[in-house]
file coords-v8.cif (mmCIF, C-alpha atoms)
data_run
loop_
_atom_site.label_atom_id
_atom_site.label_comp_id
_atom_site.auth_asym_id
_atom_site.auth_seq_id
_atom_site.Cartn_x
_atom_site.Cartn_y
_atom_site.Cartn_z
CA MET A 1 28.54 21.66 2.14
CA LEU A 2 26.91 20.00 -0.89
CA SER A 3 25.93 17.15 1.42
CA GLU A 4 24.18 19.55 3.76
CA ILE A 5 22.34 21.17 0.87
CA ALA A 6 21.35 17.75 -0.52
CA LEU A 7 19.76 16.97 2.84
CA GLY A 8 18.03 20.36 2.87
CA LEU A 9 20.17 21.81 5.66
CA SER A 10 21.74 25.20 5.79
CA PRO A 11 25.54 25.10 6.16
CA GLY A 12 26.57 24.39 9.73
CA ALA A 13 23.09 23.20 10.75
CA SER A 14 22.73 20.05 12.79
CA LEU A 15 20.42 17.17 12.08
CA GLU A 16 19.14 14.63 14.54
CA LEU A 17 17.80 11.46 13.01
CA HIS A 18 16.41 8.38 14.63
CA ALA A 19 16.54 5.84 11.83
CA ASN A 20 13.92 3.12 11.97
CA PHE A 21 15.56 -0.27 11.62
CA GLN A 22 12.58 -2.29 12.73
CA SER A 23 11.32 -4.87 10.33
CA PHE A 24 7.64 -5.62 10.19
CA GLN A 25 5.77 -8.66 9.11
CA MET A 26 3.12 -8.72 6.45
CA PHE A 27 -0.28 -9.63 7.82
CA GLN A 28 -1.50 -13.03 6.75
CA PHE A 29 -4.40 -12.68 4.37
CA HIS A 30 -5.48 -15.75 2.50
CA ASN A 31 -7.51 -14.33 -0.34
CA GLU A 32 -7.93 -17.57 -2.32
CA PRO A 33 -11.03 -18.74 -0.37
CA LEU A 34 -12.58 -15.29 -0.75
CA GLN A 35 -11.85 -15.27 -4.47
CA LYS A 36 -13.44 -18.69 -4.91
CA LEU A 37 -16.51 -17.68 -2.92
CA VAL A 38 -17.06 -14.52 -4.93
CA LEU A 39 -16.33 -16.09 -8.31
CA LEU A 40 -18.37 -19.26 -7.77
CA GLU A 41 -21.25 -18.05 -5.62
CA CYS A 42 -21.85 -14.39 -6.44
CA ALA A 43 -21.93 -14.30 -10.25
CA PRO A 44 -19.91 -11.08 -10.31
CA SER A 45 -19.65 -8.69 -13.22
CA GLY A 46 -16.53 -8.55 -15.35
CA GLN A 47 -15.44 -5.44 -13.52
CA VAL A 48 -15.65 -7.22 -10.15
CA ILE A 49 -13.68 -10.17 -11.53
CA SER A 50 -11.00 -7.74 -12.72
CA SER A 51 -11.00 -5.96 -9.37
CA ILE A 52 -10.56 -9.23 -7.48
CA SER A 53 -7.65 -10.21 -9.75
CA ILE A 54 -5.97 -6.83 -9.31
CA LEU A 55 -6.47 -7.05 -5.55
CA ALA A 56 -4.85 -10.50 -5.44
CA GLN A 57 -1.86 -9.23 -7.40
CA ALA A 58 -1.56 -6.13 -5.20
CA LEU A 59 -1.58 -8.29 -2.06
CA HIS A 60 1.10 -10.56 -3.50
CA SER A 61 3.24 -7.58 -4.51
CA LEU A 62 2.74 -5.95 -1.11
CA GLU A 63 3.99 -9.06 0.65
CA GLN A 64 7.06 -9.18 -1.58
CA THR A 65 7.75 -5.45 -1.19
CA VAL A 66 7.51 -5.63 2.61
CA ARG A 67 10.09 -8.43 2.49
CA GLU A 68 12.35 -6.29 0.27
CA ARG A 69 11.98 -3.30 2.60
CA ASN A 70 12.98 -5.46 5.56
CA GLU A 71 16.06 -6.66 3.65
CA GLN A 72 17.06 -3.05 2.95
CA ILE A 73 16.63 -2.17 6.62
CA GLU A 74 18.93 -5.06 7.57
CA ARG A 75 21.49 -4.03 4.92
CA LEU A 76 21.51 -0.39 6.04
CA GLY A 77 21.62 -1.38 9.70
CA ALA A 78 24.80 -3.36 9.01
CA LEU A 79 26.36 -0.30 7.32
CA LYS A 80 25.39 2.18 10.03
CA ASP A 81 28.62 1.99 12.01
CA LYS A 82 30.87 1.51 8.96
CA LEU A 83 30.04 4.77 7.17
CA LYS A 84 30.44 8.43 7.96
CA LEU A 85 27.15 9.79 9.23
CA ILE A 86 26.52 11.92 6.13
CA ASP A 87 27.15 8.92 3.83
CA PHE A 88 24.79 6.83 5.89
CA PHE A 89 22.07 9.52 5.66
CA LYS A 90 22.48 9.69 1.90
CA ARG A 91 21.95 5.96 1.57
CA TYR A 92 19.05 5.97 4.04
CA PHE A 93 17.25 8.76 2.17
CA GLY A 94 18.27 7.65 -1.33
CA LEU A 95 20.36 10.75 -2.09
CA GLU A 96 23.39 10.97 -4.34
CA CYS A 97 26.59 9.81 -2.65
CA ASP A 98 30.01 11.42 -3.14
CA ASP A 99 30.95 8.76 -5.71
CA GLY A 100 27.89 9.67 -7.81
CA THR A 101 25.83 6.59 -6.93
CA ILE A 102 22.29 6.74 -5.66
CA ASP A 103 20.95 3.86 -3.60
CA ALA A 104 17.23 4.47 -3.43
CA ARG A 105 16.18 0.88 -2.69
CA LEU A 106 14.79 1.64 0.79
CA ARG A 107 13.03 4.83 -0.30
CA ASN A 108 11.57 3.11 -3.37
CA SER A 109 10.32 0.15 -1.36
CA ILE A 110 8.57 2.48 1.10
CA ASP A 111 6.97 4.43 -1.78
CA HIS A 112 5.90 1.15 -3.37
CA ILE A 113 4.35 -0.07 -0.11
CA GLU A 114 2.29 3.12 0.07
CA THR A 115 1.05 2.65 -3.50
CA LEU A 116 0.20 -1.02 -2.96
CA VAL A 117 -1.67 -0.33 0.28
CA ASP A 118 -3.72 2.28 -1.60
CA ASP A 119 -4.44 -0.29 -4.32
CA CYS A 120 -5.51 -2.90 -1.78
CA ILE A 121 -7.83 -0.44 -0.05
CA HIS A 122 -9.34 0.80 -3.30
CA TYR A 123 -9.96 -2.57 -4.94
CA SER A 124 -11.32 -4.02 -1.69
CA LEU A 125 -13.80 -1.16 -1.39
CA PHE A 126 -14.70 -1.32 -5.07
CA THR A 127 -15.40 -5.05 -4.86
CA ALA A 128 -17.36 -4.72 -1.61
CA ASN A 129 -19.48 -1.87 -3.00
CA LYS A 130 -20.27 -3.73 -6.22
CA LEU A 131 -21.16 -6.96 -4.41
CA ASN A 132 -23.27 -5.00 -1.92
CA SER A 133 -25.17 -3.34 -4.77
CA GLN A 134 -25.69 -6.74 -6.38
CA ALA A 135 -26.97 -8.17 -3.08
CA LYS A 136 -29.43 -5.28 -2.70
CA GLU A 137 -30.73 -5.87 -6.23
CA LEU A 138 -31.17 -9.59 -5.54
CA ALA A 139 -32.97 -8.87 -2.27
CA LYS A 140 -35.26 -6.41 -4.01
CA ALA A 141 -36.00 -8.89 -6.81
CA SER A 142 -36.75 -11.70 -4.34
CA ARG A 143 -39.09 -9.46 -2.31
CA SER A 144 -38.17 -11.43 0.76
CA LYS A 145 -38.22 -9.64 4.08
CA ASP A 146 -35.76 -12.20 5.44
CA THR A 147 -33.08 -11.21 2.94
CA LYS A 148 -31.43 -8.00 4.06
CA PRO A 149 -27.93 -7.30 2.76
CA ILE A 150 -25.54 -5.70 5.17
CA SER A 151 -25.15 -2.01 4.47
CA PHE A 152 -21.96 -0.09 5.03
CA SER A 153 -20.63 3.31 4.17
CA PHE A 154 -17.20 4.85 3.95
CA LYS A 155 -18.52 8.36 3.48
CA ASP A 156 -17.58 9.50 6.99
CA GLU A 157 -15.18 12.43 6.82
CA GLU A 158 -12.72 10.76 9.22
CA VAL A 159 -12.63 7.62 7.06
CA GLN A 160 -12.27 9.60 3.84
CA LYS A 161 -8.92 10.99 5.01
CA PHE A 162 -7.46 7.49 4.84
CA LEU A 163 -8.82 6.47 1.46
CA PRO A 164 -6.63 6.69 -1.62
CA ASN A 165 -7.15 9.40 -4.20
CA GLN A 166 -9.99 8.17 -6.41
CA GLU A 167 -8.56 9.96 -9.45
CA LYS A 168 -5.90 7.22 -9.62
CA TYR A 169 -8.63 4.67 -10.42
CA PRO A 170 -10.86 6.11 -13.17
CA ASP A 171 -11.95 2.67 -14.44
CA PHE A 172 -12.99 1.46 -10.97
CA PRO A 173 -14.98 4.29 -9.33
CA ILE A 174 -16.19 3.74 -5.79
#

call {"tool": "encode", "arguments": {"input": "coords-v8.cif", "output": "structure tokens"}}
result
Amino acid sequence: MLSEIALGLSPGASLELHANFQSFQMFQFHNEPLQKLVLLECAPSGQVISSISILAQALHSLEQTVRERNEQIERLGALKDKLKLIDFFKRYFGLECDDGTIDARLRNSIDHIETLVDDCIHYSLFTANKLNSQAKELAKASRSKDTKPISFSFKDEEVQKFLPNQEKYPDFPI
């Protein structure tokens, strides 16, 4: 009964779960050439340099966390047929097991992936916005009609739904 309550079920209720044991591969993003280009050719502000460094670290951490998540999926997949269903669910969801242990490695890796993806999105947008503003200023100063920076906007309501909460990044406003 405590197990059912821990899973949020009323006593005697049934639960159907289709556990996802698929691993996924991290996309290949080679940010070193981009970093060099921005740092050597764009004369970025200190804030942009910081943003690029944070983005590089977030990408590295994301790659590592995806690998860890895949390892947890493999580990749990191997346990699936060896445990009682309720014990398996507890491990899958990171709930307390009957012996008092909590294995939240899968849940934590998924939460961490979400946070890192938000960081990658935010610092990419921040850097792009700052470099775009700098390009517009340079174009204005040069008074050349041939120099037109590419404009972009992420203000569309549909796009906004997918952007991370800006309150998490007070020092890097978009």

call {"tool": "atom_distance", "arguments": {"input": "coords-v8.cif", "atom1": "CA of Lys148 in chain A", "atom2": "CA of Ser45 in chain A"}}
result
20.9 Å

call {"tool": "resolve_selection", "arguments": {"input": "coords-v8.cif", "expression": "the PyMOL selection byres ((chain A and resi 88) around 12)", "output": "list in words"}}
result
Ser3, Leu7, Leu17, Ala19, Arg75, Leu76, Gly77, Ala78, Leu79, Lys80, Asp81, Lys82, Leu83, Lys84, Leu85, Ile86, Asp87, Phe89, Lys90, Arg91, Tyr92, Phe93, Gly94, Leu95, Glu96, Cys97, Asp98, Ile102 and Asp103 of chain A

call {"tool": "closest_residue", "arguments": {"input": "coords-v8.cif", "among": "A:Glu32, A:Phe152, A:Val66, A:Gln57", "to": "Leu125 in chain A", "atoms": "only C-alpha atoms"}}
result
A:Phe152

call {"tool": "atom_distance", "arguments": {"input": "coords-v8.cif", "atom1": "CA of Gln134 in chain A", "atom2": "CA of Glu157 in chain A"}}
result
25.5 Å

call {"tool": "atom_distance", "arguments": {"input": "coords-v8.cif", "atom1": "CA of Thr115 in chain A", "atom2": "CA of Lys155 in chain A"}}
result
21.5 Å

call {"tool": "resolve_selection", "arguments": {"input": "coords-v8.cif", "expression": "the PyMOL selection byres ((chain A and resi 173) around 12)", "output": "JSON, numbers by chain"}}
result
{"A": [47, 48, 51, 122, 123, 124, 125, 126, 127, 129, 130, 164, 165, 166, 167, 168, 169, 170, 171, 172, 174]}

call {"tool": "closest_residue", "arguments": {"input": "coords-v8.cif", "among": "A:Ile110, A:Val117, A:Ile73, A:Ala135", "to": "Phe162 in chain A", "atoms": "all atoms listed in the file"}}
result
A:Val117

call {"tool": "closest_residue", "arguments": {"input": "coords-v8.cif", "among": "A:Asn31, A:Pro44, A:Val159, A:Ile49", "to": "Leu131 in chain A", "atoms": "all atoms listed in the file"}}
result
A:Pro44

call {"tool": "residues_around", "arguments": {"input": "coords-v8.cif", "residues": "Ile113 in chain A", "least_positions_apart": "5", "cutoff": "12 Å", "atoms": "all atoms listed in the file", "output": "list in words"}}
result
Met26, Ala58, Leu59, His60, Ser61, Leu62, Glu63, Gln64, Thr65, Val66, Arg67, Glu68, Arg69, Asn70, Leu106, Arg107, Asn108, Asp118, Asp119 and Cys120 of chain A

call {"tool": "closest_residue", "arguments": {"input": "coords-v8.cif", "among": "A:Leu55, A:Ala43, A:Leu163, A:Thr101", "to": "Leu116 in chain A", "atoms": "all atoms listed in the file"}}
result
A:Leu55
